[in-house]
Amino acid sequence: MFFPIAIEVGNDTTAYGVVVPDIEGCFSAGDTLDEAVKNAQEAIDFHLEALADDGVDIPKASTLDQLSKLGEYEGWSWAVIDIDLSKYLGTSKKINVTLPERLIKKIDAEVGSEEKYKTRSGFLQDAALKALSA
């Protein structure tokens with residue numbers, strides 16, 4: 001999932017500030033833009049891990065269009081950070097799924113052509129996360 005981050009641009013005397021509007025209390029900073037983004041990714045990871053430990057659902061990410069209209073971030077720059085949500089979902093459990101044969105063949109073809117999926121389960125997990133976050 002891509003989480004938008006608002007970046008308050010720094011200068012020679014001020015660090016870059018970063019806020020993650022969709023995750024309450026999630027913010028970070030860095031002396032350079034690269035450092036600020038890296039620190040923001042770590043802050044997101046920390047917050048999502050805490051939410052998962054508390055049994056709280058991971059918040060849905062807003063679109064850049066939605067967030068850029070908020071007055072509190074006027075003049076800030078925007079970026080997105082890609083977060084793999086699978087590690088916050090708990091341990092894996094085996095289930096039995098019944099699907100039409102032709103659909104299985106299409107899934108297998110997609111898994112074979114896209115390295116990111118690795119397995120049918122990976123493909124189905126990605127599809128489920130996309131459907132549930134829509």
# chains A, B, ... in the order shown; residues from 1 in each chain; ligands from 1

call {"tool": "select_by_dssp", "arguments": {"residues": "chain A", "states": "helix (DSSP H, G or I)", "output": "ChimeraX atom specification"}}
result
/A:33-53,64-68,71-73,85-88,101-113,120-133

call {"tool": "select_by_dssp", "arguments": {"residues": "chain A", "states": "strand (DSSP E)", "output": "number ranges by chain"}}
result
A: 2-8, 16-19, 27-30, 77-82

call {"tool": "residues_around", "arguments": {"residues": "Tyr16 (chain A)", "least_positions_apart": "4", "cutoff": "7 Å", "atoms": "only C-alpha atoms", "output": "ChimeraX atom specification"}}
result
/A:7-10,29-33,36

call {"tool": "write_last_selection", "arguments": {"atoms": "N, CA and C atoms", "output": "PDB file, in the first residue's frame"}}
result
ATOM      1  N   ILE A   7       5.822  16.496   3.319  1.00  0.00           N
ATOM      2  CA  ILE A   7       7.200  16.857   3.634  1.00  0.00           C
ATOM      3  C   ILE A   7       7.319  18.374   3.744  1.00  0.00           C
ATOM      4  N   GLU A   8       7.734  18.819   4.914  1.00  0.00           N
ATOM      5  CA  GLU A   8       8.029  20.234   5.107  1.00  0.00           C
ATOM      6  C   GLU A   8       9.512  20.406   4.790  1.00  0.00           C
ATOM      7  N   VAL A   9       9.779  21.116   3.717  1.00  0.00           N
ATOM      8  CA  VAL A   9      11.135  21.213   3.197  1.00  0.00           C
ATOM      9  C   VAL A   9      12.034  21.955   4.176  1.00  0.00           C
ATOM     10  N   GLY A  10      13.212  21.380   4.409  1.00  0.00           N
ATOM     11  CA  GLY A  10      14.190  21.968   5.311  1.00  0.00           C
ATOM     12  C   GLY A  10      15.159  22.871   4.563  1.00  0.00           C
ATOM     13  N   ALA A  29      11.585  13.153  10.834  1.00  0.00           N
ATOM     14  CA  ALA A  29      12.377  14.250  10.280  1.00  0.00           C
ATOM     15  C   ALA A  29      13.728  13.710   9.837  1.00  0.00           C
ATOM     16  N   GLY A  30      14.460  14.547   9.155  1.00  0.00           N
ATOM     17  CA  GLY A  30      15.807  14.192   8.735  1.00  0.00           C
ATOM     18  C   GLY A  30      16.540  15.414   8.226  1.00  0.00           C
ATOM     19  N   ASP A  31      17.853  15.376   8.319  1.00  0.00           N
ATOM     20  CA  ASP A  31      18.664  16.514   7.861  1.00  0.00           C
ATOM     21  C   ASP A  31      18.663  16.659   6.349  1.00  0.00           C
ATOM     22  N   THR A  32      18.436  15.548   5.627  1.00  0.00           N
ATOM     23  CA  THR A  32      18.334  15.582   4.168  1.00  0.00           C
ATOM     24  C   THR A  32      16.995  14.975   3.778  1.00  0.00           C
ATOM     25  N   LEU A  33      16.584  15.179   2.552  1.00  0.00           N
ATOM     26  CA  LEU A  33      15.334  14.594   2.074  1.00  0.00           C
ATOM     27  C   LEU A  33      15.396  13.072   2.144  1.00  0.00           C
ATOM     28  N   ALA A  36      15.032  11.962   5.671  1.00  0.00           N
ATOM     29  CA  ALA A  36      13.666  12.185   6.155  1.00  0.00           C
ATOM     30  C   ALA A  36      12.721  11.098   5.646  1.00  0.00           C
TER      31      ALA A  36
END

call {"tool": "residues_around", "arguments": {"residues": "region 60-72 of chain A", "least_positions_apart": "3", "cutoff": "7 Å", "atoms": "only C-alpha atoms", "output": "list in words"}}
result
Phe2, Phe3, Pro4, Asp22 and Ser133 of chain A

call {"tool": "write_last_selection", "arguments": {"atoms": "N, CA and C atoms", "output": "short mmCIF file (atom, residue, chain, number, x, y, z; two decimals), in the first residue's frame"}}
result
data_model
loop_
_atom_site.label_atom_id
_atom_site.label_comp_id
_atom_site.auth_asym_id
_atom_site.auth_seq_id
_atom_site.Cartn_x
_atom_site.Cartn_y
_atom_site.Cartn_z
N PHE A 2 0.50 2.23 -0.74
CA PHE A 2 1.26 3.47 -0.81
C PHE A 2 0.68 4.47 0.19
N PHE A 3 1.48 4.82 1.20
CA PHE A 3 1.08 5.82 2.18
C PHE A 3 1.67 7.17 1.78
N PRO A 4 0.82 8.17 1.54
CA PRO A 4 1.32 9.51 1.25
C PRO A 4 1.99 10.12 2.49
N ASP A 22 -2.34 9.76 7.36
CA ASP A 22 -3.28 8.66 7.56
C ASP A 22 -3.00 7.83 8.80
N SER A 133 -8.91 -2.83 0.60
CA SER A 133 -8.51 -1.45 0.84
C SER A 133 -9.19 -0.49 -0.12
#

call {"tool": "residues_around", "arguments": {"residues": "Ala40 (chain A)", "least_positions_apart": "2", "cutoff": "12 Å", "atoms": "only C-alpha atoms", "output": "NGL selection string"}}
result
:A and (3-7 or 16-21 or 23 or 25-30 or 33-38 or 42-47 or 79-83)

call {"tool": "write_last_selection", "arguments": {"atoms": "N, CA and C atoms", "output": "short mmCIF file (atom, residue, chain, number, x, y, z; two decimals), in the first residue's frame"}}
result
data_model
loop_
_atom_site.label_atom_id
_atom_site.label_comp_id
_atom_site.auth_asym_id
_atom_site.auth_seq_id
_atom_site.Cartn_x
_atom_site.Cartn_y
_atom_site.Cartn_z
N PHE A 3 1.48 4.82 1.20
CA PHE A 3 1.08 5.82 2.18
C PHE A 3 1.67 7.17 1.78
N PRO A 4 0.82 8.17 1.54
CA PRO A 4 1.32 9.51 1.25
C PRO A 4 1.99 10.12 2.49
N ILE A 5 3.04 10.85 2.24
CA ILE A 5 3.71 11.59 3.32
C ILE A 5 3.80 13.06 2.91
N ALA A 6 3.58 13.93 3.88
CA ALA A 6 3.72 15.37 3.66
C ALA A 6 5.11 15.75 4.14
N ILE A 7 5.82 16.50 3.32
CA ILE A 7 7.20 16.86 3.63
C ILE A 7 7.32 18.37 3.74
N TYR A 16 14.23 18.53 7.50
CA TYR A 16 13.02 18.21 6.75
C TYR A 16 12.06 17.53 7.72
N GLY A 17 10.84 18.02 7.78
CA GLY A 17 9.82 17.39 8.63
C GLY A 17 8.91 16.53 7.78
N VAL A 18 8.47 15.41 8.30
CA VAL A 18 7.59 14.50 7.57
C VAL A 18 6.42 14.12 8.47
N VAL A 19 5.22 14.17 7.90
CA VAL A 19 4.01 13.75 8.59
C VAL A 19 3.32 12.71 7.72
N VAL A 20 2.78 11.67 8.37
CA VAL A 20 1.99 10.65 7.67
C VAL A 20 0.54 10.89 8.08
N PRO A 21 -0.22 11.64 7.29
CA PRO A 21 -1.56 12.05 7.70
C PRO A 21 -2.53 10.90 8.01
N ILE A 23 -1.87 8.06 9.45
CA ILE A 23 -1.52 7.30 10.65
C ILE A 23 -1.34 8.29 11.79
N GLY A 25 -0.40 10.39 14.76
CA GLY A 25 0.81 10.48 15.57
C GLY A 25 2.08 10.03 14.88
N CYS A 26 2.00 9.75 13.59
CA CYS A 26 3.17 9.26 12.85
C CYS A 26 3.86 10.42 12.13
N PHE A 27 5.06 10.72 12.58
CA PHE A 27 5.83 11.80 11.98
C PHE A 27 7.31 11.50 12.15
N SER A 28 8.13 12.21 11.42
CA SER A 28 9.57 12.01 11.49
C SER A 28 10.26 13.23 10.92
N ALA A 29 11.59 13.15 10.83
CA ALA A 29 12.38 14.25 10.28
C ALA A 29 13.73 13.71 9.84
N GLY A 30 14.46 14.55 9.16
CA GLY A 30 15.81 14.19 8.74
C GLY A 30 16.54 15.41 8.23
N LEU A 33 16.58 15.18 2.55
CA LEU A 33 15.33 14.59 2.07
C LEU A 33 15.40 13.07 2.14
N ASP A 34 16.51 12.49 1.68
CA ASP A 34 16.65 11.04 1.72
C ASP A 34 16.53 10.51 3.14
N GLU A 35 17.18 11.18 4.08
CA GLU A 35 17.13 10.75 5.47
C GLU A 35 15.71 10.90 6.03
N ALA A 36 15.03 11.96 5.67
CA ALA A 36 13.67 12.19 6.15
C ALA A 36 12.72 11.10 5.65
N VAL A 37 12.84 10.73 4.38
CA VAL A 37 11.98 9.69 3.81
C VAL A 37 12.30 8.34 4.46
N LYS A 38 13.58 8.03 4.62
CA LYS A 38 13.98 6.77 5.27
C LYS A 38 13.45 6.72 6.70
N GLU A 42 10.60 4.14 8.56
CA GLU A 42 10.78 3.47 9.85
C GLU A 42 9.67 3.84 10.83
N ALA A 43 9.24 5.10 10.81
CA ALA A 43 8.15 5.54 11.70
C ALA A 43 6.85 4.83 11.33
N ILE A 44 6.58 4.71 10.04
CA ILE A 44 5.38 4.00 9.59
C ILE A 44 5.43 2.56 10.07
N ASP A 45 6.57 1.91 9.88
CA ASP A 45 6.73 0.52 10.31
C ASP A 45 6.47 0.38 11.81
N PHE A 46 7.05 1.26 12.59
CA PHE A 46 6.87 1.24 14.04
C PHE A 46 5.39 1.39 14.41
N HIS A 47 4.71 2.35 13.81
CA HIS A 47 3.30 2.60 14.13
C HIS A 47 2.40 1.44 13.71
N ALA A 79 5.06 12.93 -1.18
CA ALA A 79 5.67 11.72 -1.71
C ALA A 79 4.84 10.55 -1.20
N VAL A 80 5.11 9.37 -1.69
CA VAL A 80 4.44 8.17 -1.19
C VAL A 80 5.50 7.14 -0.80
N ILE A 81 5.17 6.36 0.19
CA ILE A 81 6.05 5.28 0.63
C ILE A 81 5.28 3.97 0.49
N ASP A 82 5.88 3.02 -0.22
CA ASP A 82 5.27 1.71 -0.44
C ASP A 82 5.54 0.82 0.77
N ILE A 83 4.48 0.39 1.41
CA ILE A 83 4.58 -0.45 2.61
C ILE A 83 3.95 -1.81 2.32
#

call {"tool": "closest_residue", "arguments": {"among": "A:Val97, A:Trp78, A:Asn39, A:Gly90", "to": "Ala52 (chain A)", "atoms": "only C-alpha atoms"}}
result
A:Gly90

call {"tool": "atom_distance", "arguments": {"atom1": "CA of Asp53 (chain A)", "atom2": "CA of Lys130 (chain A)"}}
result
22.1 Å

call {"tool": "closest_residue", "arguments": {"among": "A:Ser86, A:Ile58, A:Phe123, A:Lys93", "to": "Ala109 (chain A)", "atoms": "only C-alpha atoms"}}
result
A:Phe123

call {"tool": "closest_residue", "arguments": {"among": "A:Tyr88, A:Tyr117, A:Leu51, A:Leu129", "to": "Glu24 (chain A)", "atoms": "only C-alpha atoms"}}
result
A:Leu51

call {"tool": "atom_distance", "arguments": {"atom1": "CA of Ile107 (chain A)", "atom2": "CA of Pro59 (chain A)"}}
result
28.1 Å

call {"tool": "atom_distance", "arguments": {"atom1": "CA of Thr14 (chain A)", "atom2": "CA of Gln41 (chain A)"}}
result
20.1 Å

call {"tool": "closest_residue", "arguments": {"among": "A:Gly75, A:Leu132, A:Ser121, A:Asp12", "to": "Lys94 (chain A)", "atoms": "only C-alpha atoms"}}
result
A:Ser121
